[in-house]
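Coordinates as given in query.txt (compact mmCIF, C-alpha atoms):
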```txt
# COMPACT_ATOMS: atom_id res chain seq x y z
CA MET A 1 95.04 131.90 101.08
CA ALA A 2 95.36 128.31 102.22
CA GLN A 3 92.72 125.98 100.81
CA LYS A 4 90.26 124.71 103.41
CA GLU A 5 90.45 120.95 103.88
CA SER A 6 87.26 118.98 103.21
CA ASP A 7 85.94 116.61 105.87
CA SER A 8 85.42 113.74 103.41
CA LEU A 9 84.45 113.01 99.83
CA GLU A 10 81.21 111.47 101.08
CA SER A 11 80.24 114.65 102.92
CA ILE A 12 80.57 116.57 99.65
CA PHE A 13 78.28 114.08 97.90
CA GLU A 14 75.73 114.14 100.71
CA LYS A 15 75.73 117.94 100.89
CA ASN A 16 75.39 118.62 97.18
CA LEU A 17 73.58 115.74 95.46
CA PRO A 18 69.80 115.28 95.38
CA GLU A 19 68.73 112.05 97.08
CA GLU A 20 68.00 110.04 93.94
CA GLU A 21 71.29 111.04 92.31
CA LEU A 22 73.11 110.28 95.56
CA LYS A 23 71.66 106.76 95.56
CA ARG A 24 72.86 106.17 92.00
CA VAL A 25 76.32 107.59 92.71
CA TRP A 26 76.64 105.46 95.85
CA ARG A 27 75.68 102.28 94.00
CA VAL A 28 78.28 102.90 91.29
CA LEU A 29 81.14 104.23 93.45
CA TYR A 30 80.63 102.16 96.62
CA GLY A 31 78.81 99.08 95.37
CA LYS A 32 76.15 99.46 98.07
CA SER A 33 72.71 100.96 98.46
CA TYR A 34 72.31 104.36 100.10
CA PRO A 35 72.04 104.92 102.96
CA PRO A 36 74.32 102.00 103.87
CA GLU A 37 73.27 99.56 106.58
CA THR A 38 74.77 100.48 109.95
CA LEU A 39 75.04 99.09 113.49
CA ASP A 40 73.19 100.34 116.53
CA ILE A 41 75.59 102.50 118.55
CA PRO A 42 75.38 101.92 122.32
CA GLN A 43 75.20 104.96 124.56
CA GLU A 44 78.59 104.13 126.09
CA ALA A 45 80.35 104.18 122.70
CA ALA A 46 78.58 107.37 121.65
CA LYS A 47 79.57 109.04 124.94
CA ILE A 48 83.27 108.12 124.55
CA ALA A 49 83.27 109.36 120.97
CA ALA A 50 81.58 112.66 121.88
CA GLU A 51 83.86 113.34 124.83
CA ASN A 52 87.01 112.70 122.77
CA GLY A 53 85.96 114.17 119.44
CA PHE A 54 85.99 110.86 117.53
CA ASP A 55 84.23 110.51 114.21
CA LEU A 56 82.34 107.30 115.06
CA GLN A 57 80.95 105.37 112.10
CA THR A 58 79.61 101.86 111.57
CA GLU A 59 78.59 99.72 108.60
CA LYS A 60 77.65 96.13 107.77
CA PHE A 61 78.51 93.65 105.03
CA SER A 62 76.38 90.55 104.60
CA ALA A 63 76.70 87.30 102.67
CA GLN A 64 74.11 85.02 101.13
CA PRO A 65 72.71 82.39 103.52
CA GLU A 66 74.05 78.86 103.01
CA GLU A 67 72.65 75.46 103.91
CA LEU A 68 75.85 73.86 105.25
CA ARG A 69 77.65 76.81 106.81
CA SER A 70 76.41 79.17 109.48
CA PRO A 71 77.19 82.89 109.07
CA HIS A 72 80.73 83.76 110.17
CA ILE A 73 80.15 87.19 111.69
CA VAL A 74 83.10 89.32 112.79
CA ARG A 75 83.33 92.96 113.82
CA VAL A 76 86.52 94.91 113.14
CA ALA A 77 87.46 98.33 114.50
CA LEU A 78 89.85 100.73 112.79
CA PHE A 79 91.23 103.68 114.75
CA GLN A 80 92.85 106.72 113.15
CA ASN A 81 94.29 109.49 115.31
CA HIS A 82 96.52 112.52 115.57
CA ILE A 83 99.30 112.71 118.12
CA PRO A 84 97.84 114.41 121.23
CA LEU A 85 101.01 116.33 122.14
CA PRO A 86 103.48 118.40 120.06
CA THR A 87 106.25 116.42 118.39
CA ASN A 88 108.84 117.86 120.80
CA ALA A 89 106.99 116.69 123.92
CA PRO A 90 108.99 114.32 126.17
CA VAL A 91 108.96 110.77 124.81
CA ARG A 92 107.39 109.25 127.91
CA ASP A 93 104.66 111.91 127.99
CA GLN A 94 103.79 111.33 124.32
CA ILE A 95 103.57 107.56 124.78
CA GLN A 96 101.42 107.89 127.89
CA ALA A 97 99.07 110.33 126.14
CA LEU A 98 98.73 107.98 123.17
CA HIS A 99 98.11 105.00 125.45
CA ALA A 100 95.38 106.95 127.24
CA LEU A 101 93.76 107.83 123.90
CA ALA A 102 94.01 104.22 122.75
CA GLU A 103 92.32 102.91 125.87
CA LYS A 104 89.34 105.16 125.21
CA ALA A 105 89.11 104.06 121.57
CA ILE A 106 89.34 100.39 122.52
CA GLY A 107 86.65 100.95 125.14
CA ALA A 108 84.33 102.43 122.52
CA ALA A 109 85.09 99.56 120.14
CA ALA A 110 84.40 97.03 122.91
CA ALA A 111 81.03 98.68 123.59
CA LEU A 112 80.26 98.03 119.92
CA LYS A 113 81.32 94.39 120.39
CA ALA A 114 84.34 94.65 118.10
CA ASN A 115 86.36 91.44 117.83
CA ILE A 116 89.51 92.79 116.13
CA PHE A 117 91.03 96.25 116.63
CA CYS A 118 93.75 97.79 114.44
CA PHE A 119 95.80 100.95 114.91
CA GLN A 120 97.46 103.11 112.25
CA GLU A 121 101.15 102.74 111.38
CA THR A 122 103.64 103.35 114.24
CA TRP A 123 100.82 104.75 116.33
CA THR A 124 102.91 105.20 119.50
CA MET A 125 105.00 108.10 118.16
CA PRO A 126 105.19 111.04 115.77
CA PHE A 127 105.88 109.89 112.22
CA ALA A 128 109.38 111.32 112.46
CA PHE A 129 111.13 109.34 109.74
CA CYS A 130 111.18 112.42 107.52
CA THR A 131 113.75 114.07 109.77
CA ARG A 132 116.58 111.52 109.40
CA GLU A 133 117.46 112.40 113.00
CA ARG A 134 118.19 109.75 115.61
CA LEU A 135 117.33 111.20 119.00
CA PRO A 136 114.73 111.49 120.33
CA TRP A 137 112.88 109.39 117.74
CA THR A 138 114.81 106.15 118.26
CA GLU A 139 113.78 106.27 121.91
CA TYR A 140 110.29 105.27 120.77
CA GLY A 141 111.65 101.90 119.66
CA GLU A 142 110.51 99.00 121.85
CA SER A 143 110.36 95.22 121.95
CA ALA A 144 107.55 93.63 119.97
CA GLU A 145 107.29 90.73 122.41
CA ASP A 146 107.40 92.47 125.78
CA GLY A 147 107.69 96.22 125.22
CA VAL A 148 105.66 98.74 127.19
CA THR A 149 103.00 99.05 124.47
CA THR A 150 102.57 95.30 123.99
CA LYS A 151 102.20 94.80 127.75
CA PHE A 152 99.70 97.67 127.94
CA LEU A 153 97.57 96.22 125.13
CA GLN A 154 97.75 92.65 126.39
CA GLY A 155 95.65 93.64 129.39
CA LEU A 156 93.05 95.35 127.22
CA ALA A 157 92.92 92.45 124.75
CA LYS A 158 92.26 89.99 127.56
CA LYS A 159 89.73 92.29 129.23
CA HIS A 160 87.66 92.67 126.07
CA ARG A 161 88.36 89.27 124.43
CA MET A 162 89.71 91.24 121.50
CA VAL A 163 92.48 90.65 118.97
CA ILE A 164 94.61 93.80 118.72
CA ILE A 165 96.99 94.74 115.90
CA SER A 166 99.59 97.24 117.11
CA SER A 167 101.99 98.85 114.63
CA ILE A 168 105.15 100.06 116.39
CA LEU A 169 108.78 100.98 115.85
CA GLU A 170 110.42 97.75 117.00
CA ARG A 171 113.90 97.58 118.51
CA ASP A 172 114.83 93.90 118.48
CA GLY A 173 117.18 92.08 120.82
CA ALA A 174 120.19 93.00 118.68
CA GLY A 175 119.24 96.68 118.74
CA VAL A 176 118.06 96.65 115.10
CA PHE A 177 114.96 98.68 114.20
CA TRP A 178 111.97 97.35 112.25
CA ASN A 179 108.57 98.70 111.30
CA THR A 180 106.47 96.00 112.95
CA ALA A 181 102.85 95.03 113.53
CA VAL A 182 102.35 93.07 116.75
CA VAL A 183 99.33 90.74 116.90
CA ILE A 184 97.90 90.14 120.38
CA GLY A 185 95.34 87.40 121.04
CA THR A 186 92.13 87.34 123.03
CA GLU A 187 93.85 85.98 126.15
CA GLY A 188 96.48 88.70 125.97
CA GLU A 189 98.98 86.33 124.40
CA PHE A 190 101.59 87.37 121.85
CA LEU A 191 100.45 85.68 118.62
CA GLY A 192 103.33 86.93 116.51
CA LYS A 193 104.45 89.83 114.40
CA SER A 194 104.62 90.96 110.80
CA ARG A 195 107.08 93.52 109.47
CA LYS A 196 106.99 96.04 106.66
CA ASN A 197 108.02 94.34 103.42
CA HIS A 198 108.48 97.42 101.24
CA ILE A 199 110.28 100.55 102.49
CA PRO A 200 109.62 103.86 100.68
CA ARG A 201 112.39 106.06 99.38
CA ILE A 202 110.26 108.89 98.06
CA GLY A 203 110.01 112.54 99.08
CA ASP A 204 109.99 112.96 102.85
CA PHE A 205 109.53 109.24 103.46
CA ASN A 206 113.17 108.52 104.33
CA GLU A 207 112.38 105.39 106.29
CA SER A 208 115.35 103.30 105.13
CA THR A 209 117.44 105.64 107.29
CA TYR A 210 115.89 103.79 110.26
CA TYR A 211 114.89 100.27 109.18
CA MET A 212 115.00 97.93 106.21
CA GLU A 213 112.70 95.39 104.57
CA SER A 214 111.18 92.50 106.52
CA THR A 215 112.61 89.00 106.45
CA LEU A 216 109.48 87.42 107.96
CA GLY A 217 107.56 86.88 104.74
CA HIS A 218 103.76 87.24 104.69
CA PRO A 219 102.46 85.60 107.87
CA VAL A 220 98.75 85.04 108.44
CA PHE A 221 97.50 84.66 112.01
CA GLN A 222 94.79 82.19 112.97
CA THR A 223 92.50 83.82 115.55
CA PRO A 224 89.16 82.80 117.05
CA TYR A 225 87.52 85.27 114.68
CA GLY A 226 89.26 84.43 111.42
CA ARG A 227 92.60 84.43 109.63
CA ILE A 228 94.21 87.86 109.51
CA GLY A 229 97.21 89.35 107.74
CA VAL A 230 98.94 92.74 107.89
CA ASN A 231 100.27 94.72 104.92
CA ILE A 232 102.01 97.75 106.39
CA CYS A 233 101.67 101.10 104.59
CA PHE A 234 103.91 101.23 101.48
CA GLY A 235 103.25 97.54 100.85
CA ARG A 236 99.82 98.49 99.54
CA HIS A 237 101.49 99.85 96.37
CA HIS A 238 102.84 96.35 95.62
CA PRO A 239 100.13 93.97 94.34
CA LEU A 240 102.28 90.89 94.98
CA ASN A 241 102.48 91.76 98.66
CA TRP A 242 98.69 91.56 98.87
CA THR A 243 98.70 88.40 96.75
CA MET A 244 101.09 86.49 99.01
CA ILE A 245 98.97 87.23 102.09
CA GLY A 246 95.98 85.90 100.15
CA LEU A 247 97.85 82.76 99.14
CA ASN A 248 98.43 82.19 102.87
CA ASN A 249 94.62 82.08 103.25
CA ALA A 250 93.85 85.40 104.93
CA ASP A 251 90.20 86.33 105.42
CA ILE A 252 90.96 89.94 106.41
CA VAL A 253 94.06 92.01 105.64
CA PHE A 254 94.81 95.20 107.59
CA ASN A 255 96.81 98.04 106.07
CA PRO A 256 98.03 100.35 108.87
CA SER A 257 99.40 103.44 107.14
CA ALA A 258 100.74 106.97 107.47
CA THR A 259 100.43 108.89 104.22
CA VAL A 260 99.82 112.48 103.15
CA GLY A 261 97.49 114.13 100.68
CA ASP A 262 99.90 115.65 98.19
CA LEU A 263 101.62 112.32 97.70
CA SER A 264 99.01 109.59 97.67
CA GLU A 265 95.41 110.64 98.24
CA PRO A 266 94.22 109.84 94.69
CA LEU A 267 95.57 106.30 95.16
CA TRP A 268 94.20 105.74 98.66
CA GLY A 269 90.66 104.66 97.86
CA ILE A 270 91.80 102.41 95.01
CA GLU A 271 94.64 100.19 96.17
CA ALA A 272 93.18 98.38 99.19
CA ARG A 273 89.90 98.07 97.30
CA ASN A 274 91.61 96.51 94.30
CA ALA A 275 93.39 94.09 96.63
CA ALA A 276 90.11 92.96 98.17
CA ILE A 277 88.71 92.24 94.71
CA ALA A 278 91.79 90.51 93.33
CA ASN A 279 92.29 88.29 96.39
CA SER A 280 88.71 87.64 97.55
CA TYR A 281 89.24 88.86 101.11
CA PHE A 282 88.28 91.88 103.22
CA THR A 283 90.75 94.78 103.39
CA CYS A 284 90.94 97.41 106.12
CA ALA A 285 92.90 100.58 105.32
CA ILE A 286 93.80 102.80 108.30
CA ASN A 287 95.57 106.15 107.92
CA ARG A 288 96.98 108.64 110.40
CA VAL A 289 95.33 112.06 110.62
CA GLY A 290 96.56 115.60 111.26
CA THR A 291 99.72 117.62 110.57
CA GLU A 292 102.86 116.98 112.60
CA VAL A 293 105.34 119.86 112.86
CA PHE A 294 108.92 119.00 113.86
CA PRO A 295 111.46 121.22 115.66
CA ASN A 296 114.04 121.23 112.86
CA GLU A 297 113.68 121.80 109.15
CA PHE A 298 114.37 118.98 106.69
CA THR A 299 114.46 118.67 102.91
CA SER A 300 112.92 116.20 100.50
CA GLY A 301 115.73 116.02 97.96
CA ASP A 302 113.45 117.56 95.33
CA GLY A 303 114.83 121.10 95.19
CA LYS A 304 111.96 122.56 97.18
CA PRO A 305 112.54 124.69 100.29
CA ALA A 306 113.25 123.07 103.63
CA HIS A 307 110.19 122.61 105.81
CA LYS A 308 109.10 121.25 109.20
CA ASP A 309 106.14 119.04 108.36
CA PHE A 310 105.17 116.19 106.04
CA GLY A 311 101.90 117.77 105.04
CA HIS A 312 98.41 116.68 106.01
CA PHE A 313 97.80 113.06 107.01
CA TYR A 314 94.31 112.68 105.60
CA GLY A 315 92.80 109.82 107.60
CA SER A 316 89.95 108.49 105.44
CA SER A 317 90.12 104.95 106.83
CA TYR A 318 87.73 102.45 105.19
CA VAL A 319 86.89 98.77 104.69
CA THR A 320 86.33 96.88 101.43
CA ALA A 321 84.57 93.54 100.97
CA PRO A 322 85.79 90.86 98.53
CA ASP A 323 82.96 91.74 96.14
CA GLY A 324 84.41 95.27 95.82
CA SER A 325 81.74 97.06 97.85
CA ARG A 326 83.15 99.41 100.47
CA THR A 327 82.28 101.59 103.42
CA LYS A 328 82.26 105.33 103.69
CA SER A 329 85.57 106.84 104.73
CA LEU A 330 86.21 108.26 108.14
CA THR A 331 86.88 111.98 108.26
CA ARG A 332 90.01 113.51 106.74
CA LEU A 333 90.38 115.92 109.64
CA ARG A 334 89.78 114.27 113.03
CA ASP A 335 90.34 111.17 115.08
CA GLY A 336 87.94 108.45 114.04
CA LEU A 337 86.72 104.97 114.90
CA LEU A 338 85.15 102.79 112.21
CA VAL A 339 83.45 99.59 113.38
CA VAL A 340 82.34 97.22 110.62
CA GLU A 341 80.43 93.96 110.82
CA MET A 342 81.24 91.43 108.13
CA ASP A 343 80.29 87.86 107.24
CA LEU A 344 83.49 86.04 106.28
CA ASN A 345 81.43 83.52 104.29
CA LEU A 346 81.47 86.19 101.59
CA CYS A 347 85.14 85.42 100.89
CA ARG A 348 84.44 81.90 99.60
CA GLN A 349 81.23 82.97 97.88
CA VAL A 350 83.16 85.54 95.84
CA LYS A 351 85.92 83.02 95.06
CA ASP A 352 83.27 80.62 93.78
CA LYS A 353 81.58 83.32 91.71
CA TRP A 354 84.61 84.91 90.03
CA GLY A 355 87.09 82.01 90.09
CA PHE A 356 90.11 84.27 90.45
CA ARG A 357 92.13 81.65 92.32
CA MET A 358 91.23 78.99 89.77
CA THR A 359 92.24 81.22 86.84
CA GLN A 360 95.30 82.74 88.56
CA ARG A 361 97.94 80.69 86.67
CA LEU A 362 100.53 80.92 89.41
CA GLY A 363 102.89 78.48 87.72
CA MET A 364 103.17 80.63 84.59
CA TYR A 365 103.81 83.80 86.56
CA ALA A 366 106.22 82.08 88.94
CA GLU A 367 108.39 81.14 85.97
CA LEU A 368 108.15 84.62 84.46
CA TYR A 369 109.05 86.29 87.76
CA ARG A 370 111.95 83.88 88.20
CA LYS A 371 113.30 84.93 84.83
CA ALA A 372 112.64 88.63 85.45
CA SER A 373 114.56 88.47 88.74
CA GLN A 374 117.76 87.54 86.87
CA SER A 375 120.20 90.23 85.78
CA ASP A 376 120.31 88.85 82.22
CA TYR A 377 116.52 88.96 81.75
CA VAL A 378 115.44 89.93 78.23
CA PRO A 379 111.94 91.48 78.14
CA GLN A 380 109.47 89.76 75.82
CA THR A 381 109.07 92.79 73.56
CA LEU A 382 108.30 91.93 69.97
CA PRO A 383 109.78 94.06 67.17
CA VAL A 384 107.51 95.95 64.80
CA THR A 385 107.14 94.02 61.54
CA VAL A 386 106.34 96.13 58.47
CA THR A 387 104.35 94.02 56.01
CA LYS A 388 103.38 96.66 53.50
CA LYS A 389 104.17 100.21 52.56
CA SER A 390 102.91 102.73 55.09
CA VAL A 391 99.97 104.73 53.80
CA SER A 392 99.35 108.28 54.91
CA LEU A 393 95.96 109.41 56.18
CA GLU A 394 95.37 111.53 53.08
CA GLU A 395 96.29 108.65 50.75
CA SER A 396 93.87 106.32 52.55
CA LYS A 397 90.98 108.65 51.70
CA ILE A 398 91.57 108.36 47.96
```

In C-alpha cells, write the structure found in this file.
Amino acid sequence: MAQKESDSLESIFEKNLPEEELKRVWRVLYGKSYPPETLDIPQEAAKIAAENGFDLQTEKFSAQPEELRSPHIVRVALFQNHIPLPTNAPVRDQIQALHALAEKAIGAAAALKANIFCFQETWTMPFAFCTRERLPWTEYGESAEDGVTTKFLQGLAKKHRMVIISSILERDGAGVFWNTAVVIGTEGEFLGKSRKNHIPRIGDFNESTYYMESTLGHPVFQTPYGRIGVNICFGRHHPLNWTMIGLNNADIVFNPSATVGDLSEPLWGIEARNAAIANSYFTCAINRVGTEVFPNEFTSGDGKPAHKDFGHFYGSSYVTAPDGSRTKSLTRLRDGLLVVEMDLNLCRQVKDKWGFRMTQRLGMYAELYRKASQSDYVPQTLPVTVTKKSVSLEESKI
C-alpha cells in the first residue's frame, strides 16, 4: 500500500502536540513564538485562493527600531504550483494554462500588497529534463529578454508595481539553452537575468543534456524594494554560490527550485536557512509541487526499473530571516502562495551582532581555493605521529 503523503511537518506538530509543547518546539525549531505573527488577508486574496485551491499563508519578520534609519519594509510572495495539464498536452495549451494560473496568483499577491513575486524553477513547463528527449520539451525554450512569458509578465509587473522573478528555459539568440531567471522591474522593464551556476548530474536530474553552467556570475539586482539575487535550484547545495551573492550585497536571495522527496527533502529545510544565517540576508526557497508523469519511460542510471515520473515534488516553500528564524512551510501537496513581510534593516543588525563578514577571512580562503583549484594541489593532511608505545584499553586499567 502506498504511503499517504503528509500535508506538512507543521500540520503534524499542530495536530499532535499540546499547546505548551508546541510553543517550545516552535521556538527551538523555527526561532519564533507560536503562533507566528501574520498579515491580514484581504477578501479579494482569500477569494482567489479559495477558488483556485491555493494554500495561502502569511507571516511577518520585524527588526529592532533604530534612531537614524526608518524601517525598510518589503513584502515578498512565493508561488509554488503543479502543472495544470498533463505533460503530453500541446505546448501552447500548457503555457497558456500556466500563464492563466500565474495571473491569478499574482493578483492574490497584489491584493496582499506584495512588492516582489517569485516563481518556482522553469515554471512555464513540465520539468522534463529527466527524459533526455528533445521534442517537445525544447519548444518551451524562449527568449529571456522578449519571449512570450517575459512580455506577459511585464504587463502584470507594471500594473501592480511589482518586481517579478521568472525562472524559464531560455533559448538565447544563438539557439543555446540556459536555465535562467528573468528579473522584471516595477515599470515592466527588463532588469536583467541570472542563470543556473551548478547543473546536477544525479539520478533523474539529467539537466546537462539540455544546458550547461552559467557564465554570468552572481548578479544582484537593485530594485526600489531592495537588492535581490537568485540562486537557482541545485546551487543551494553549494555554499560558495550563496556566499558570492552575499558579497555582492544582496538583501534577499530567491531559490526557485524543482526537487523531489526521495532525493532531497531532508536537506530542504536546512540549506536555504543556513545560507541566510551565514550571509546575513533573507532567503526564499520555492519548490514545485505534484507528480509529473511523462509519456515515455526513462532510467536513472542506478539499476532500478525504468519509470515515467520523477517522484513527488514536495513544495514546502518557506522564508528565512538573517537571524535564522523562519516561516512555516507551504503545503507539500497543493499549489500555494506565501506572502511574507520583512524589515530589511534586520540584515545589518544581524551583521553587527554576529560579525560574520568581519570574521570571514576572505583573503585566507581565496588563497586556499586558488591552490585547491590547481591540478597539483596537495591537501594539508598531517601524518599521524606516534610519540609513545600504544597502550591497550586493558593495559590502561592496570

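Nearest to A:Gly235 of all the residues A:Ser214, A:Thr58, A:Thr87, A:Gln222 is A:Ser214, counting all atoms listed in the file.
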
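Here atom CA of A:Ile83 stands at a distance of 24.5 Å from atom CA of A:Ala272.
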
Give me the residues near A:Ala77 as a CSV table (one decimal) with C-alpha atoms, keeping the file's coordinate frame, where near means some atom within 7 Å (using all atoms listed in the file) and where sequence neighbours in that chain fewer than 2 positions away do not count.
```csv
chain,number,residue,atom,x,y,z
A,75,ARG,CA,83.3,93.0,113.8
A,79,PHE,CA,91.2,103.7,114.8
A,109,ALA,CA,85.1,99.6,120.1
A,114,ALA,CA,84.3,94.6,118.1
A,116,ILE,CA,89.5,92.8,116.1
A,117,PHE,CA,91.0,96.2,116.6
A,118,CYS,CA,93.8,97.8,114.4
A,337,LEU,CA,86.7,105.0,114.9
A,338,LEU,CA,85.2,102.8,112.2
A,339,VAL,CA,83.4,99.6,113.4
A,340,VAL,CA,82.3,97.2,110.6
```

> Which residue gives the smallest distance to A:Leu330 among A:Phe54, A:Val378, A:Ala276, A:Arg348, with all atoms listed in the file counted?
Replying inline: A:Phe54

> Near A:Ser70, within 12 Å and counting all atoms listed in the file, which residues show up once chain neighbours fewer than 2 positions away are dropped, as a list in words?
Replying inline: Ala63, Gln64, Pro65, Glu66, Glu67, Leu68, His72, Ile73, Asp343, Leu344, Asn345 and Leu346 of chain A

> To one decimal place, how far is atom CA of A:Val260 from atom CA of A:Glu297 in Å?
Replying inline: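 Result for atom CA of A:Val260 versus atom CA of A:Glu297: 17.7 Å, one decimal.
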
> Pick from A:Ala285, A:Val74, A:Ala258, A:Ala108: nearest to A:Thr223, with all atoms listed in the file counted?
Replying inline: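 When distances to A:Thr223 are compared using all atoms listed in the file, the smallest one comes from A:Val74.
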
Using all atoms listed in the file, what does the table of stretch 157-227 of chain A residues within 10 Å of stretch 131-138 of chain A look like, with each row giving the shortest atom pair and its distance in Å to one decimal, sorted by chain and ascending number, as a tab-separated table?
```
residue	atom	partner	partner_atom	distance
A:Leu169	CA	A:Thr138	CA	8.3
A:Glu170	CA	A:Thr138	CA	9.6
A:Arg171	CA	A:Thr138	CA	8.6
A:Phe177	CA	A:Thr138	CA	8.5
A:Asp204	CA	A:Thr131	CA	8.0
A:Phe205	CA	A:Thr131	CA	9.0
A:Asn206	CA	A:Arg132	CA	6.8
A:Glu207	CA	A:Arg132	CA	8.1
A:Ser208	CA	A:Arg132	CA	9.3
A:Thr209	CA	A:Arg132	CA	6.3
A:Tyr210	CA	A:Arg132	CA	7.8
```

> With distances taken over all atoms listed in the file, which of A:Asn52, A:Gln380, A:Asn279, A:Thr124 is nearest to A:Asn249?
Replying inline: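 Among the listed residues, the smallest separation from A:Asn249 belongs to A:Asn279.
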
>> Here's a test: counting all atoms listed in the file, identify every protein, DNA and RNA residue with an atom at most 6 Å from (108.4, 90.4, 107.8) in the file's coordinate frame, and state them as a PyMOL selection string.
In response: chain A and resi 194-197+214-217

> What is the distance, in Å and to one decimal place, between atom CA of A:Leu101 and atom CA of A:Leu9?
Replying inline: 26.3 Å

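The shortest atom-to-atom distance to A:Phe282, with all atoms listed in the file taken into account, belongs to A:Glu341 out of A:Asp309, A:Asp40, A:Asp93, A:Glu341.
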
> Which neighbours of A:Glu103 fall inside 12 Å, counting all atoms listed in the file, when residues of the same chain fewer than 6 positions from it are skipped, and could you give them as number ranges by chain?
Replying inline: A: 48, 52, 79, 96-97, 109-110, 117, 119, 149, 152-157, 159-160, 164

> Taking (76.4, 100.9, 125.8) in the file's coordinates as the center, which residues reach within 12 Å of it, counting all atoms listed in the file, put as a list in words?
Replying inline: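 In the file's frame, the residues around the point are Asp40, Ile41, Pro42, Gln43, Glu44, Ala45, Ala46, Lys47, Ile48, Ala49, Gly107, Ala108, Ala109, Ala110, Ala111, Leu112 and Lys113 of chain A.
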